[in-house]
file final-v6.cif (mmCIF, C-alpha atoms and all ligand atoms)
data_model
loop_
_atom_site.label_atom_id
_atom_site.label_comp_id
_atom_site.auth_asym_id
_atom_site.auth_seq_id
_atom_site.Cartn_x
_atom_site.Cartn_y
_atom_site.Cartn_z
CA MET H 1 -2.52 -22.13 -11.78
CA SER H 2 -2.79 -19.08 -13.98
CA THR H 3 -2.75 -15.32 -13.77
CA THR H 4 -6.28 -14.25 -13.00
CA ARG H 5 -8.06 -11.25 -14.41
CA LEU H 6 -10.42 -10.05 -11.73
CA SER H 7 -14.01 -10.19 -12.81
CA GLU H 8 -15.75 -7.49 -10.79
CA PRO H 9 -17.48 -4.84 -12.91
CA PRO H 10 -15.80 -1.43 -13.30
CA VAL H 11 -16.24 1.10 -10.55
CA SER H 12 -18.52 3.80 -11.88
CA LEU H 13 -17.55 7.41 -11.43
CA ALA H 14 -19.64 10.56 -11.64
CA ASP H 15 -18.71 13.12 -14.28
CA GLU H 16 -17.45 15.66 -11.75
CA ALA H 17 -15.19 13.02 -10.18
CA GLN H 18 -13.74 12.24 -13.61
CA VAL H 19 -12.90 15.91 -14.00
CA ASP H 20 -11.33 15.80 -10.55
CA LEU H 21 -8.93 13.10 -11.75
CA LEU H 22 -7.72 15.54 -14.41
CA ARG H 23 -7.36 18.27 -11.79
CA ARG H 24 -5.26 16.00 -9.57
CA MET H 25 -2.98 14.86 -12.37
CA LEU H 26 -2.48 18.45 -13.41
CA LEU H 27 -1.55 19.47 -9.88
CA GLY H 28 0.95 16.60 -9.71
CA ARG H 29 2.48 17.63 -13.05
CA ARG H 30 2.80 21.30 -12.16
CA PHE H 31 4.22 20.45 -8.74
CA GLU H 32 6.90 18.25 -10.28
CA GLU H 33 7.80 20.80 -12.95
CA ARG H 34 8.44 23.31 -10.19
CA CYS H 35 10.51 20.71 -8.33
CA ALA H 36 12.75 20.44 -11.40
CA GLU H 37 13.08 24.22 -11.48
CA MET H 38 13.77 24.46 -7.75
CA TYR H 39 16.33 21.68 -7.99
CA SER H 40 18.23 23.54 -10.69
CA LEU H 41 18.15 26.66 -8.48
CA GLN H 42 19.64 24.49 -5.70
CA LYS H 43 16.68 25.09 -3.43
CA ILE H 44 16.24 21.31 -3.31
CA GLY H 45 19.29 19.26 -2.38
CA GLY H 46 20.07 15.55 -2.44
CA PHE H 47 18.24 13.24 -4.80
CA CYS H 48 15.03 14.12 -6.60
CA HIS H 49 13.06 11.66 -8.74
CA LEU H 50 10.14 13.00 -10.74
CA GLN H 51 7.06 11.08 -11.76
CA ILE H 52 6.19 13.20 -14.81
CA GLY H 53 4.34 10.94 -17.27
CA GLN H 54 3.21 8.44 -14.61
CA GLU H 55 0.56 10.55 -12.85
CA ALA H 56 -2.33 8.37 -14.03
CA VAL H 57 -1.10 5.51 -11.84
CA SER H 58 -1.03 7.32 -8.52
CA VAL H 59 -4.13 9.42 -9.18
CA GLY H 60 -6.22 6.60 -10.68
CA ALA H 61 -5.22 4.11 -7.99
CA MET H 62 -5.81 6.41 -5.02
CA SER H 63 -9.17 7.55 -6.32
CA THR H 64 -10.48 4.16 -5.18
CA LEU H 65 -9.45 4.63 -1.55
CA GLU H 66 -11.16 5.77 1.63
CA PRO H 67 -9.26 8.59 3.39
CA ASP H 68 -8.02 6.26 6.16
CA ASP H 69 -6.57 3.60 3.86
CA TYR H 70 -2.78 3.36 3.78
CA ILE H 71 -0.22 3.79 1.05
CA PHE H 72 3.47 3.10 0.64
CA SER H 73 5.65 4.45 -2.16
CA SER H 74 9.22 4.35 -3.38
CA TYR H 75 11.51 7.38 -3.72
CA ARG H 76 9.43 8.64 -6.69
CA ASP H 77 6.87 9.76 -4.16
CA HIS H 78 5.87 13.45 -4.47
CA VAL H 79 2.68 12.88 -6.43
CA HIS H 80 1.72 9.90 -4.27
CA ALA H 81 2.00 12.04 -1.13
CA ILE H 82 0.02 14.97 -2.49
CA THR H 83 -2.66 12.74 -3.99
CA LYS H 84 -3.04 10.97 -0.63
CA GLY H 85 -3.77 14.32 0.97
CA ALA H 86 -0.44 15.74 2.08
CA ASN H 87 -0.35 19.53 1.99
CA PRO H 88 1.72 20.61 -1.06
CA ARG H 89 3.26 23.40 1.05
CA ARG H 90 4.60 20.92 3.57
CA VAL H 91 5.81 18.61 0.80
CA MET H 92 7.71 21.46 -0.88
CA ALA H 93 9.09 22.57 2.49
CA GLU H 94 10.32 19.02 3.09
CA LEU H 95 12.07 19.07 -0.29
CA PHE H 96 13.67 22.39 0.68
CA GLY H 97 14.84 20.80 3.97
CA ARG H 98 12.85 23.26 6.08
CA ASP H 99 11.46 22.92 9.59
CA THR H 100 7.87 23.17 8.32
CA GLY H 101 8.30 20.12 6.07
CA LEU H 102 6.35 16.92 6.59
CA SER H 103 9.30 15.41 8.49
CA ARG H 104 10.68 18.76 9.62
CA GLY H 105 13.14 18.72 6.75
CA LYS H 106 14.92 15.55 7.84
CA GLY H 107 13.52 13.19 5.23
CA GLY H 108 13.74 15.04 1.96
CA SER H 109 12.42 14.04 -1.43
CA MET H 110 12.80 10.27 -1.08
CA HIS H 111 11.25 9.98 2.40
CA LEU H 112 7.92 11.77 2.40
CA PHE H 113 5.83 10.58 5.34
CA ASP H 114 2.47 11.89 6.46
CA ALA H 115 1.03 9.84 9.30
CA GLU H 116 -2.12 11.99 9.45
CA HIS H 117 -3.04 11.02 5.89
CA HIS H 118 -1.75 7.45 6.26
CA MET H 119 1.05 7.98 3.77
CA LEU H 120 3.72 5.68 5.20
CA GLY H 121 6.66 6.74 3.00
CA GLY H 122 8.71 7.47 0.73
CA HIS H 123 11.34 4.62 0.72
CA ALA H 124 14.73 4.88 -0.95
CA ILE H 125 15.72 1.20 -0.86
CA VAL H 126 14.36 -0.51 -3.95
CA GLY H 127 11.69 -2.96 -2.78
CA GLY H 128 12.48 -2.26 0.88
CA HIS H 129 8.98 -1.05 1.64
CA ILE H 130 7.15 -4.06 0.22
CA PRO H 131 7.55 -6.11 3.46
CA LEU H 132 6.51 -3.03 5.46
CA ALA H 133 3.30 -2.66 3.47
CA THR H 134 2.67 -6.37 3.94
CA GLY H 135 3.21 -5.95 7.68
CA VAL H 136 0.71 -3.11 7.89
CA ALA H 137 -1.79 -5.22 5.94
CA PHE H 138 -1.20 -7.99 8.48
CA ALA H 139 -1.78 -5.57 11.36
CA LEU H 140 -5.02 -4.33 9.79
CA LYS H 141 -6.35 -7.84 9.47
CA TYR H 142 -5.14 -8.81 12.95
CA GLU H 143 -6.82 -5.77 14.46
CA GLU H 144 -9.96 -6.47 12.42
CA ARG H 145 -9.88 -3.07 10.76
CA PRO H 146 -11.56 -2.31 7.44
CA GLN H 147 -8.70 -0.44 5.77
CA VAL H 148 -6.52 -1.65 2.92
CA VAL H 149 -2.95 -0.91 1.85
CA LEU H 150 -1.72 0.17 -1.58
CA CYS H 151 1.96 -0.46 -2.16
CA PHE H 152 3.59 1.26 -5.17
CA PHE H 153 6.98 0.20 -6.52
CA GLY H 154 8.92 0.10 -9.80
CA GLU H 155 9.44 -2.95 -12.00
CA ALA H 156 13.06 -3.31 -10.84
CA ALA H 157 11.73 -4.15 -7.37
CA VAL H 158 10.15 -7.41 -8.53
CA ASN H 159 13.57 -9.03 -8.73
CA ILE H 160 14.26 -8.25 -5.07
CA GLY H 161 13.84 -11.19 -2.69
CA ALA H 162 11.60 -9.25 -0.30
CA PHE H 163 9.02 -8.84 -3.08
CA HIS H 164 8.61 -12.63 -3.32
CA GLU H 165 8.62 -13.20 0.42
CA SER H 166 5.96 -10.52 0.83
CA LEU H 167 3.68 -11.81 -1.91
CA ASN H 168 3.95 -15.32 -0.56
CA MET H 169 2.93 -14.23 2.94
CA ALA H 170 0.18 -11.96 1.68
CA ALA H 171 -1.35 -14.79 -0.36
CA LEU H 172 -0.86 -17.37 2.38
CA TRP H 173 -2.30 -15.22 5.16
CA LYS H 174 -4.84 -13.46 2.93
CA LEU H 175 -3.79 -9.90 3.59
CA PRO H 176 -5.59 -6.75 2.36
CA CYS H 177 -2.72 -5.39 0.28
CA VAL H 178 -2.74 -4.27 -3.35
CA TYR H 179 0.75 -4.38 -4.86
CA ILE H 180 1.02 -1.87 -7.70
CA CYS H 181 4.03 -2.20 -9.96
CA GLU H 182 4.61 0.98 -11.95
CA ASN H 183 6.33 -0.63 -14.90
CA ASN H 184 8.00 2.29 -16.68
CA ARG H 185 10.34 -0.15 -18.48
CA TYR H 186 13.56 1.08 -16.91
CA GLY H 187 15.37 0.68 -13.60
CA MET H 188 17.68 3.69 -13.79
CA GLY H 189 19.23 3.10 -17.24
CA THR H 190 18.56 -0.64 -17.45
CA ALA H 191 15.69 -1.84 -19.60
CA ILE H 192 13.52 -4.56 -18.06
CA GLU H 193 14.52 -6.93 -20.88
CA ARG H 194 18.13 -6.73 -19.71
CA ALA H 195 17.35 -7.32 -16.03
CA SER H 196 14.41 -9.68 -15.84
CA ALA H 197 13.93 -13.27 -17.00
CA ILE H 198 10.28 -12.51 -17.78
CA TYR H 199 8.92 -9.12 -18.84
CA ASP H 200 5.31 -9.72 -17.97
CA VAL H 201 5.38 -8.59 -14.34
CA ALA H 202 1.76 -9.57 -13.62
CA GLN H 203 2.69 -13.21 -14.32
CA ARG H 204 4.74 -13.22 -11.14
CA ALA H 205 1.52 -13.50 -9.17
CA CYS H 206 0.99 -17.05 -10.52
CA ALA H 207 3.72 -18.31 -8.22
CA TYR H 208 1.58 -17.34 -5.24
CA ASP H 209 -1.84 -18.10 -6.72
CA MET H 210 -2.60 -14.42 -6.34
CA ALA H 211 -5.03 -12.42 -8.47
CA SER H 212 -3.32 -10.11 -10.91
CA GLU H 213 -4.04 -7.68 -13.67
CA THR H 214 -2.10 -5.74 -16.30
CA VAL H 215 -3.40 -2.28 -17.01
CA ASP H 216 -2.57 0.67 -19.25
CA GLY H 217 -0.89 2.93 -16.71
CA MET H 218 -1.23 5.94 -19.01
CA ASP H 219 -5.02 5.77 -18.72
CA VAL H 220 -6.29 7.08 -15.40
CA LEU H 221 -9.73 5.47 -15.71
CA ALA H 222 -8.30 2.08 -16.64
CA VAL H 223 -6.03 2.24 -13.59
CA ARG H 224 -8.95 3.25 -11.41
CA GLU H 225 -11.05 0.34 -12.61
CA ALA H 226 -8.34 -2.27 -12.12
CA VAL H 227 -7.29 -0.99 -8.72
CA GLY H 228 -10.94 -0.54 -7.74
CA ARG H 229 -11.56 -4.26 -8.29
CA ALA H 230 -8.45 -5.13 -6.31
CA VAL H 231 -9.33 -2.80 -3.43
CA LYS H 232 -12.79 -4.34 -3.23
CA LEU H 233 -11.27 -7.81 -3.09
CA ALA H 234 -8.86 -6.69 -0.36
CA ARG H 235 -11.54 -4.96 1.68
CA THR H 236 -14.24 -7.59 1.45
CA GLU H 237 -12.22 -10.82 1.31
CA HIS H 238 -8.80 -9.82 2.59
CA LEU H 239 -7.26 -10.99 -0.67
CA PRO H 240 -4.13 -9.40 -2.13
CA THR H 241 -3.65 -8.54 -5.83
CA LEU H 242 -0.66 -7.71 -7.99
CA ILE H 243 -1.37 -4.96 -10.52
CA GLU H 244 1.10 -4.16 -13.28
CA ALA H 245 0.51 -0.63 -14.56
CA ARG H 246 2.45 -0.15 -17.82
CA CYS H 247 3.58 3.43 -17.93
CA TYR H 248 6.48 5.65 -18.93
CA ARG H 249 8.50 8.38 -17.29
CA PHE H 250 9.13 11.39 -19.49
CA MET H 251 12.08 12.66 -17.43
CA GLY H 252 15.38 11.03 -16.59
CA HIS H 253 15.61 8.58 -13.68
CA SER H 254 16.46 11.43 -11.34
CA MET H 255 17.35 15.09 -11.64
CA SER H 256 20.99 14.13 -12.09
CA ASP H 257 20.19 12.09 -15.22
CA PRO H 258 19.50 13.36 -18.74
CA VAL H 259 16.04 12.77 -20.19
CA HIS H 260 17.01 9.87 -22.45
CA GLY H 261 20.72 9.24 -21.85
CA HIS H 262 22.27 6.33 -23.75
CA TYR H 263 19.69 3.79 -22.74
CA ARG H 264 16.70 5.09 -24.70
CA THR H 265 16.30 7.19 -27.79
CA LYS H 266 14.86 10.63 -28.14
CA GLU H 267 12.37 9.16 -30.63
CA GLU H 268 11.15 6.65 -28.04
CA VAL H 269 10.57 9.39 -25.47
CA GLU H 270 8.76 11.58 -28.01
CA GLU H 271 6.58 8.67 -29.10
CA GLN H 272 5.61 7.92 -25.51
CA LYS H 273 4.79 11.57 -24.87
CA LEU H 274 1.98 11.20 -27.39
CA LYS H 275 0.31 9.02 -24.74
CA ASP H 276 0.54 11.74 -22.10
CA PRO H 277 -2.04 10.70 -19.49
CA ILE H 278 -3.18 14.28 -18.88
CA ARG H 279 -3.71 15.05 -22.54
CA HIS H 280 -5.38 11.68 -23.07
CA HIS H 281 -7.85 12.16 -20.20
CA PHE H 282 -8.54 15.76 -21.18
CA LYS H 283 -9.40 14.67 -24.72
CA ARG H 284 -11.77 12.01 -23.42
CA LEU H 285 -13.49 14.52 -21.15
CA SER H 286 -13.69 17.23 -23.81
CA ASP H 287 -15.10 14.75 -26.36
CA ARG H 288 -17.87 14.13 -23.84
CA GLY H 289 -18.38 17.86 -23.31
CA LEU H 290 -17.27 17.72 -19.66
CA VAL H 291 -14.35 20.16 -19.94
CA ASP H 292 -13.36 22.62 -22.65
CA GLN H 293 -10.07 24.40 -23.30
CA ALA H 294 -11.07 27.33 -21.09
CA GLY H 295 -11.93 24.90 -18.26
CA LEU H 296 -8.56 23.23 -18.63
CA GLU H 297 -6.80 26.58 -18.48
CA ARG H 298 -8.70 27.53 -15.35
CA MET H 299 -7.73 24.26 -13.71
CA ASP H 300 -4.16 24.81 -14.77
CA ALA H 301 -4.10 28.30 -13.28
CA GLU H 302 -5.44 26.86 -10.00
CA ALA H 303 -2.75 24.18 -9.95
CA ARG H 304 -0.03 26.75 -10.65
CA ALA H 305 -1.35 28.96 -7.85
CA VAL H 306 -1.19 26.05 -5.36
CA VAL H 307 2.38 25.32 -6.43
CA ASP H 308 3.41 29.00 -6.29
CA ALA H 309 2.05 29.17 -2.75
CA ALA H 310 3.93 25.98 -1.85
CA VAL H 311 7.23 27.42 -3.11
CA GLU H 312 6.63 30.72 -1.34
CA PHE H 313 5.81 28.90 1.91
CA ALA H 314 8.87 26.65 1.66
CA ASP H 315 11.19 29.52 0.83
CA ALA H 316 9.93 31.61 3.74
CA SER H 317 10.21 28.72 6.22
CA PRO H 318 13.15 28.43 8.61
CA GLU H 319 15.72 25.67 8.48
CA PRO H 320 15.62 23.25 11.43
CA GLY H 321 17.67 24.45 14.40
CA ALA H 322 20.68 22.50 15.65
CA GLY H 323 18.52 21.11 18.48
CA ALA H 324 16.44 19.22 15.91
CA LEU H 325 19.34 16.78 15.64
CA TYR H 326 18.26 15.33 18.97
CA GLU H 327 14.52 15.43 18.35
CA ASP H 328 12.33 12.65 16.91
CA VAL H 329 15.23 10.22 17.13
CA TYR H 330 13.35 7.62 19.17
CA SER H 331 9.72 6.61 18.78
CA ARG H 332 7.17 7.26 21.52
CA PRO H 333 8.01 5.77 24.96
CA TYR H 334 5.24 3.17 24.93
CA GLY H 335 6.83 1.07 22.22
CA PRO H 336 6.27 0.73 18.54
CA TYR H 337 3.77 2.61 16.44
CA THR H 338 0.37 1.02 16.63
CA LEU H 339 -2.36 1.27 14.06
CA SER H 340 -4.89 1.47 16.89
CA LYS H 341 -3.73 4.97 17.73
C1 LIG A 1 18.33 -2.29 -2.91
C2 LIG A 1 18.73 -1.15 -3.82
N1 LIG A 1 19.54 -1.42 -4.88
C3 LIG A 1 19.90 -0.44 -5.73
C4 LIG A 1 19.45 0.85 -5.51
C5 LIG A 1 19.84 1.95 -6.49
N2 LIG A 1 18.67 2.28 -7.30
C6 LIG A 1 17.94 3.38 -7.01
S1 LIG A 1 16.64 3.52 -8.01
C7 LIG A 1 17.02 2.13 -8.87
C8 LIG A 1 16.16 1.67 -10.01
C9 LIG A 1 14.82 1.21 -9.60
O1 LIG A 1 13.98 1.10 -10.74
P1 LIG A 1 12.44 0.78 -10.64
O2 LIG A 1 12.18 -0.14 -9.50
O3 LIG A 1 12.00 0.33 -11.97
O4 LIG A 1 11.77 2.18 -10.27
P2 LIG A 1 11.73 3.54 -11.09
O5 LIG A 1 12.96 4.30 -10.73
O6 LIG A 1 11.68 3.19 -12.53
O7 LIG A 1 10.51 4.24 -10.61
C10 LIG A 1 18.16 1.56 -8.35
C11 LIG A 1 18.79 0.33 -8.89
C12 LIG A 1 18.64 1.09 -4.39
N3 LIG A 1 18.16 2.30 -4.12
N4 LIG A 1 18.26 0.08 -3.59
MG MG A 2 11.20 1.42 -13.54
#

call {"tool": "encode", "arguments": {"input": "final-v6.cif", "output": "C-alpha cells"}}
result
Amino acid sequence: MSTTRLSEPPVSLADEAQVDLLRRMLLGRRFEERCAEMYSLQKIGGFCHLQIGQEAVSVGAMSTLEPDDYIFSSYRDHVHAITKGANPRRVMAELFGRDTGLSRGKGGSMHLFDAEHHMLGGHAIVGGHIPLATGVAFALKYEERPQVVLCFFGEAAVNIGAFHESLNMAALWKLPCVYICENNRYGMGTAIERASAIYDVAQRACAYDMASETVDGMDVLAVREAVGRAVKLARTEHLPTLIEARCYRFMGHSMSDPVHGHYRTKEEVEEQKLKDPIRHHFKRLSDRGLVDQAGLERMDAEARAVVDAAVEFADASPEPGAGALYEDVYSRPYGPYTLSK
C-alpha cells in the first residue's frame, strides 16, 4: 500500500478565471489586514486567527467547487467563508458581534457559518469538525446527491483521534470528502517536528488506502489542480482524498501572539514572505501579459472598497438585543438539520 498521486490531468482554467483567483486572494488579504486593525481598535473581541500568507489554499481549493458543494473550516476561517460566498459585510459584522452578522453576532471569528452558501463552520476545537464533514459526506452519498465536501484543517489536527476515525470511515464507505490539511508547520508555537512522529502528512493516507497528494500551498494554481483532481474523484466515484498543502502563515498564531515569538526566527518569516502567494501569482499573470501593475492596483482598490464598506456596515449595525439570548437556541421543531432542505 502506498501514497497515491492522483493521475487525472490538470483542470484547465481560462485566463480571466486565473485573474479572478488573484482578485479573490487580494480580497482575502485586505479583509484580514483590516481585521488586525479592527482587533487592535477593540472593535473585534475574543479570539481572532488570521490566514495571511495561506490564501492560495482556500482560494485555489474552492475554485474547483460548484456553488452548492459544502465546506468546513477551523477557527482560521474568514477567508474560507468569504471565498465560499459569504457576504464580507456580514462576516465583518459577525466579528464585531453585531446583530447583522452571519450568526447574529453569537458566533464570532472562530464560528463563521453560512448555511445559504453551504459554509458549515468555523470550528474552534482542533480536528473537531473532521467527523462532521465526514458525516455530511455520508449524508450526501446516502441521499444520492452530487455534491462534495471540502474539509480544511491544520497539521496539528492530524494527531487527533477523530482525524483517523474519520479517514477510516471515509475510505471504508467511499465518501465524497476531500480532506485538506493546511500544513503551515506550526500548531500555535509548536513545530510539526516536535509534535508529530512523521512530518509528511500526506503519508497518513496510506493507513486507509486513500488517495493523497502533497502540493505547494503557496501556489494557487497548483492547489487548484490537486484539489480539482480530488473533487472529480469524490464527485464521480465517491472516493475521498487527503491533500497536504504546504504553506506558511505570515502572522502570529492569533492576534494575541507576536509574529514570530520564540518558536521561529524573523529570518524564517522573511524568507517565507518571498513566496507570498499573491505576489507569486501576480508575477505569473504579468509575465503572461494578463495583468499589469495598473490592473493590480485597480483590483486592490476594489478589494479595499469592499472591505471599507464591510467595516462601515459592521460599525453601523446594532448589537443583538437581550432577547437574542433566547433565540436560535434550539434547532427547528421537526428534528435535525437535513441536507434535503
Ligand atoms: C482539541 C483542542 N486542543 C487544543 C486546542 C488549542 N489550540 C487552538 S489552535 C491550536 C493549534 C492548532 O494548529 P494547527 O492545527 O496546525 O492549525 P493552525 O493554527 O496552524 O492553522 C491549539 C493546540 C484546541 N482548540 N482544541
Ligand atoms: Mg499549523

call {"tool": "atom_distance", "arguments": {"input": "final-v6.cif", "atom1": "CA of Arg246 (chain H)", "atom2": "CA of Leu22 (chain H)"}}
result
19.0 Å

call {"tool": "closest_residue", "arguments": {"input": "final-v6.cif", "among": "H:Val79, H:Val19, H:Ile160, H:Leu150", "to": "ligand LIG 1 (chain A)", "atoms": "all atoms listed in the file"}}
result
H:Ile160

call {"tool": "residues_near_ligand", "arguments": {"input": "final-v6.cif", "ligand": "ligand MG 2 (chain A)", "cutoff": "6 Å", "atoms": "only C-alpha atoms and all ligand atoms", "output": "mmCIF file with C-alpha atoms, in the frame of the given file"}}
result
data_model
loop_
_atom_site.group_PDB
_atom_site.id
_atom_site.type_symbol
_atom_site.label_atom_id
_atom_site.label_comp_id
_atom_site.auth_asym_id
_atom_site.auth_seq_id
_atom_site.Cartn_x
_atom_site.Cartn_y
_atom_site.Cartn_z
ATOM 1 C CA GLY H 154 8.920 0.100 -9.800
ATOM 2 C CA GLU H 155 9.440 -2.950 -12.000
ATOM 3 C CA ALA H 156 13.060 -3.310 -10.840
ATOM 4 C CA ASN H 183 6.330 -0.630 -14.900
ATOM 5 C CA ASN H 184 8.000 2.290 -16.680
ATOM 6 C CA ARG H 185 10.340 -0.150 -18.480
ATOM 7 C CA TYR H 186 13.560 1.080 -16.910
ATOM 8 C CA GLY H 187 15.370 0.680 -13.600
#

call {"tool": "atom_distance", "arguments": {"input": "final-v6.cif", "atom1": "CA of Leu27 (chain H)", "atom2": "CA of Ala305 (chain H)"}}
result
9.7 Å

call {"tool": "residues_near_ligand", "arguments": {"input": "final-v6.cif", "ligand": "ligand LIG 1 (chain A)", "cutoff": "9 Å", "atoms": "all atoms listed in the file", "output": "PyMOL selection string"}}
result
chain H and resi 49-51+74-76+123-128+153-158+160+181-192+248-249+253-254

call {"tool": "closest_residue", "arguments": {"input": "final-v6.cif", "among": "H:Leu285, H:Met299, H:Ala93, H:Ile278", "to": "Ala316 (chain H)", "atoms": "all atoms listed in the file"}}
result
H:Ala93

call {"tool": "closest_residue", "arguments": {"input": "final-v6.cif", "among": "H:Ala139, H:Ala322, H:Cys247, H:Ile52", "to": "Val223 (chain H)", "atoms": "only C-alpha atoms"}}
result
H:Cys247

call {"tool": "atom_distance", "arguments": {"input": "final-v6.cif", "atom1": "CA of His118 (chain H)", "atom2": "CA of Val57 (chain H)"}}
result
18.2 Å

call {"tool": "residues_around", "arguments": {"input": "final-v6.cif", "residues": "region 37-45 of chain H", "least_positions_apart": "4", "cutoff": "12 Å", "atoms": "all atoms listed in the file", "output": "ChimeraX atom specification"}}
result
/H:30-33,49-50,91-98,105-110,254-256,307-308,310-312,314-316,319

call {"tool": "closest_residue", "arguments": {"input": "final-v6.cif", "among": "H:Leu140, H:Ala86, H:Ala222, H:Met119", "to": "Gln18 (chain H)", "atoms": "only C-alpha atoms"}}
result
H:Ala222

call {"tool": "build_atoms", "arguments": {"input": "final-v6.cif", "residues": "region 39-54 of chain H", "atoms": "N, CA and C atoms", "output": "compact mmCIF listing (two decimals), in the frame of the given file"}}
result
# COMPACT_ATOMS: atom_id res chain seq x y z
N TYR H 39 15.11 22.48 -8.10
CA TYR H 39 16.33 21.68 -7.99
C TYR H 39 17.47 22.39 -8.72
N SER H 40 17.15 22.90 -9.93
CA SER H 40 18.23 23.54 -10.69
C SER H 40 18.65 24.85 -10.04
N LEU H 41 17.78 25.45 -9.23
CA LEU H 41 18.15 26.66 -8.48
C LEU H 41 18.82 26.31 -7.15
N GLN H 42 19.01 25.01 -6.93
CA GLN H 42 19.64 24.49 -5.70
C GLN H 42 18.84 24.78 -4.44
N LYS H 43 17.54 24.96 -4.61
CA LYS H 43 16.68 25.09 -3.43
C LYS H 43 16.42 23.70 -2.85
N ILE H 44 16.44 22.69 -3.73
CA ILE H 44 16.24 21.31 -3.31
C ILE H 44 17.59 20.61 -3.43
N GLY H 45 18.00 19.96 -2.35
CA GLY H 45 19.29 19.26 -2.38
C GLY H 45 19.07 17.75 -2.41
N GLY H 46 20.15 17.01 -2.48
CA GLY H 46 20.07 15.55 -2.44
C GLY H 46 19.49 15.01 -3.73
N PHE H 47 18.82 13.87 -3.62
CA PHE H 47 18.24 13.24 -4.80
C PHE H 47 16.83 13.77 -5.04
N CYS H 48 16.39 13.67 -6.28
CA CYS H 48 15.03 14.12 -6.60
C CYS H 48 14.56 13.36 -7.84
N HIS H 49 13.58 12.49 -7.65
CA HIS H 49 13.06 11.66 -8.74
C HIS H 49 11.66 12.12 -9.09
N LEU H 50 11.46 12.49 -10.34
CA LEU H 50 10.14 13.00 -10.74
C LEU H 50 9.30 11.89 -11.37
N GLN H 51 8.00 12.10 -11.26
CA GLN H 51 7.06 11.08 -11.76
C GLN H 51 6.38 11.53 -13.04
N ILE H 52 6.87 12.63 -13.64
CA ILE H 52 6.19 13.20 -14.81
C ILE H 52 5.97 12.14 -15.90
N GLY H 53 4.72 11.97 -16.29
CA GLY H 53 4.34 10.94 -17.27
C GLY H 53 3.59 9.79 -16.61
N GLN H 54 3.80 9.60 -15.30
CA GLN H 54 3.21 8.44 -14.61
C GLN H 54 2.03 8.83 -13.71
